[in-house]
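Take a look at the structure below.
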Amino acid sequence: MILGFKKQFVQPIMEGTKIHSIREDKHRRWKAEMKIHFATGVRTKNYNQFKQAVCVSIQEIEIIRKSDYLNETVVKIDSVQLTEKQVQMLAWNDGFENLIDFWTWFSEDFKGVIIHWTDFNY
């Protein structure tokens with residue numbers, strides 16, 4: 001299945017520092033063992049598939065923004081709340097340089113999945 005990315009994430013994926021992707025999956029389409037076609041410019045004339053891999057595993061993720069104060073924000077993976085240190089690791093592993101960028105990207109409540117293409121899990 002095609003997994004589209006902004007160009008900023010291509011280099012971290014290719015270098016192996018971005019090891020998963022957080023996505024909405026309302027219809028539960030993502031499953032382990034599915035082929036992943038990493039691409040930019042999806043549904044445009046600039047489509048570029050830059051990598052192919054296999055989905056190793058899926059984990060449920062929930063981000064609950066109780067307020068704009070980040071110390072009141074809750075991140076759960078498979079219903080287990082993460083510590084601040086674990087959230088930092090999640091942000092780095094998802095290709096963000098820091099938590100500010102991560103929180104800017106995920107500025108509202110969110111439910112979805114983490115699509116893993118390595119053996120790493122939380």
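In the structure tokens, chains take the letters A, B, ... in the order shown, each chain's residues start at 1, and ligands count up from 1 in the order shown.
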- Message: Give me the residues near A:Phe38 as an MDAnalysis selection string, where near means some atom within 8 Å (using only C-alpha atoms) and where sequence neighbours in that chain fewer than 5 positions away do not count.
- Response: chainID A and resid 2:5 49:53
Please dump the current selection as an mmCIF file, in the first residue's frame; keep C-alpha atoms.
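result_9.cif written:
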```cif
data_model
loop_
_atom_site.group_PDB
_atom_site.id
_atom_site.type_symbol
_atom_site.label_atom_id
_atom_site.label_comp_id
_atom_site.auth_asym_id
_atom_site.auth_seq_id
_atom_site.Cartn_x
_atom_site.Cartn_y
_atom_site.Cartn_z
ATOM 1 C CA ILE A 2 1.217 3.518 -0.733
ATOM 2 C CA LEU A 3 2.362 5.573 2.252
ATOM 3 C CA GLY A 4 2.755 9.225 1.311
ATOM 4 C CA PHE A 5 5.266 11.533 2.987
ATOM 5 C CA GLN A 49 8.316 6.148 -4.902
ATOM 6 C CA PHE A 50 11.614 6.292 -3.047
ATOM 7 C CA LYS A 51 11.570 3.085 -1.006
ATOM 8 C CA GLN A 52 9.744 -0.190 -0.516
ATOM 9 C CA ALA A 53 9.476 -2.249 2.678
#
```
Do you have, as a tab-separated table, the list of residues of stretch 2-65 of chain A lying at most 12 Å from stretch 97-104 of chain A, each with its nearest atom pair and that distance in Å to one decimal, counting only C-alpha atoms and ordered by chain then number?
```
residue	atom	partner	partner_atom	distance
A:Gln8	CA	A:Glu97	CA	10.9
A:Phe9	CA	A:Glu97	CA	10.7
A:Pro12	CA	A:Glu97	CA	10.0
A:Thr17	CA	A:Glu97	CA	10.3
A:Lys18	CA	A:Glu97	CA	10.3
A:Ile22	CA	A:Phe102	CA	11.0
A:Ile63	CA	A:Trp103	CA	10.0
A:Ile64	CA	A:Trp103	CA	11.4
A:Arg65	CA	A:Trp103	CA	9.8
```
Kindly export the residues of the current selection with C-alpha atoms, as a compact mmCIF listing (two decimals), in the first residue's frame.
```
# COMPACT_ATOMS: atom_id res chain seq x y z
CA GLN A 8 11.15 16.56 4.88
CA PHE A 9 10.82 12.90 5.92
CA PRO A 12 15.33 10.46 7.82
CA THR A 17 16.35 7.47 11.81
CA LYS A 18 12.61 7.61 11.02
CA ILE A 22 1.87 7.70 12.77
CA ILE A 63 -2.89 11.66 21.82
CA ILE A 64 -5.13 13.55 24.24
CA ARG A 65 -4.55 17.32 24.38
```
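On the backbone of this structure, DSSP gives helix (DSSP H, G or I) within chain A to A:Lys7, A:Gln8, A:Phe9, A:Val10, A:Gln11, A:Pro12, A:Ile13, A:Met14, A:Glu15, A:Leu70, A:Asn71, A:Glu72, A:Glu84, A:Lys85, A:Gln86, A:Val87, A:Gln88, A:Met89, A:Leu90, A:Ala91, A:Trp92, A:Asn93, A:Leu99, A:Ile100, A:Asp101, A:Phe102, A:Trp103, A:Thr104, A:Trp105.
For the choices A:Cys55, A:Met34, A:Val75, A:Ala39, the atom-to-atom distance to A:Val10 is smallest for A:Ala39 when using only C-alpha atoms.
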- Find the residues near A:Gln59: any atom within 8 Å, counting only C-alpha atoms, skip ones fewer than 2 places away on the same chain, and give them as a PyMOL selection string. chain A and resi 57+61+77-78+113-115+121
- Pairwise distance, atom CA of A:Trp117 with atom CA of A:Ile36, equals 8.3 Å
- Where does DSSP see strand (DSSP E) in chain A, if you list the residues as a VMD selection string? chain A and resid 2 to 4 20 to 23 35 to 40 48 to 54 57 to 65 73 to 77 80 to 81 110 to 116
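The coordinates place atom CA of A:Arg28 at 14.7 Å from atom CA of A:His116.
The two atoms in question, atom CA of A:Lys26 and atom CA of A:Asn46, are spaced 27.0 Å apart.
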- 7 Å contact set for A:Gly112, only C-alpha atoms, chain neighbours under 5 positions out, as a PyMOL selection string: chain A and resi 22-25+60-62
Residues from last step as file, N, CA and C atoms, as an mmCIF file, in the first residue's frame:
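Result file out.cif:
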```cif
data_model
loop_
_atom_site.group_PDB
_atom_site.id
_atom_site.type_symbol
_atom_site.label_atom_id
_atom_site.label_comp_id
_atom_site.auth_asym_id
_atom_site.auth_seq_id
_atom_site.Cartn_x
_atom_site.Cartn_y
_atom_site.Cartn_z
ATOM 1 N N ILE A 22 3.130 7.611 12.029
ATOM 2 C CA ILE A 22 1.871 7.699 12.772
ATOM 3 C C ILE A 22 0.795 8.164 11.800
ATOM 4 N N ARG A 23 -0.281 7.397 11.691
ATOM 5 C CA ARG A 23 -1.349 7.700 10.722
ATOM 6 C C ARG A 23 -2.721 7.413 11.298
ATOM 7 N N GLU A 24 -3.718 8.128 10.785
ATOM 8 C CA GLU A 24 -5.104 7.743 11.045
ATOM 9 C C GLU A 24 -5.349 6.448 10.285
ATOM 10 N N ASP A 25 -6.212 5.616 10.803
ATOM 11 C CA ASP A 25 -6.540 4.360 10.119
ATOM 12 C C ASP A 25 -7.960 3.960 10.503
ATOM 13 N N GLU A 60 -1.578 0.753 18.251
ATOM 14 C CA GLU A 60 -2.579 1.811 18.407
ATOM 15 C C GLU A 60 -1.939 2.987 19.143
ATOM 16 N N ILE A 61 -2.273 4.210 18.724
ATOM 17 C CA ILE A 61 -1.778 5.402 19.411
ATOM 18 C C ILE A 61 -2.924 6.372 19.632
ATOM 19 N N GLU A 62 -2.880 7.038 20.779
ATOM 20 C CA GLU A 62 -3.865 8.068 21.091
ATOM 21 C C GLU A 62 -3.142 9.241 21.740
#
```
- Which of these residues is nearest to A:Asn93, using only C-alpha atoms: A:Phe120, A:Lys31, A:Met1, A:Lys45? A:Phe120
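Using only C-alpha atoms, the nearest neighbour of A:Asp94 within the list A:Ser21, A:Ser67, A:Thr40, A:Gln11 is A:Ser21.
If only C-alpha atoms are the atoms counted, then among A:Thr44, A:Lys111, A:Trp105, A:Ile19 the closest residue to A:Val56 is A:Ile19.
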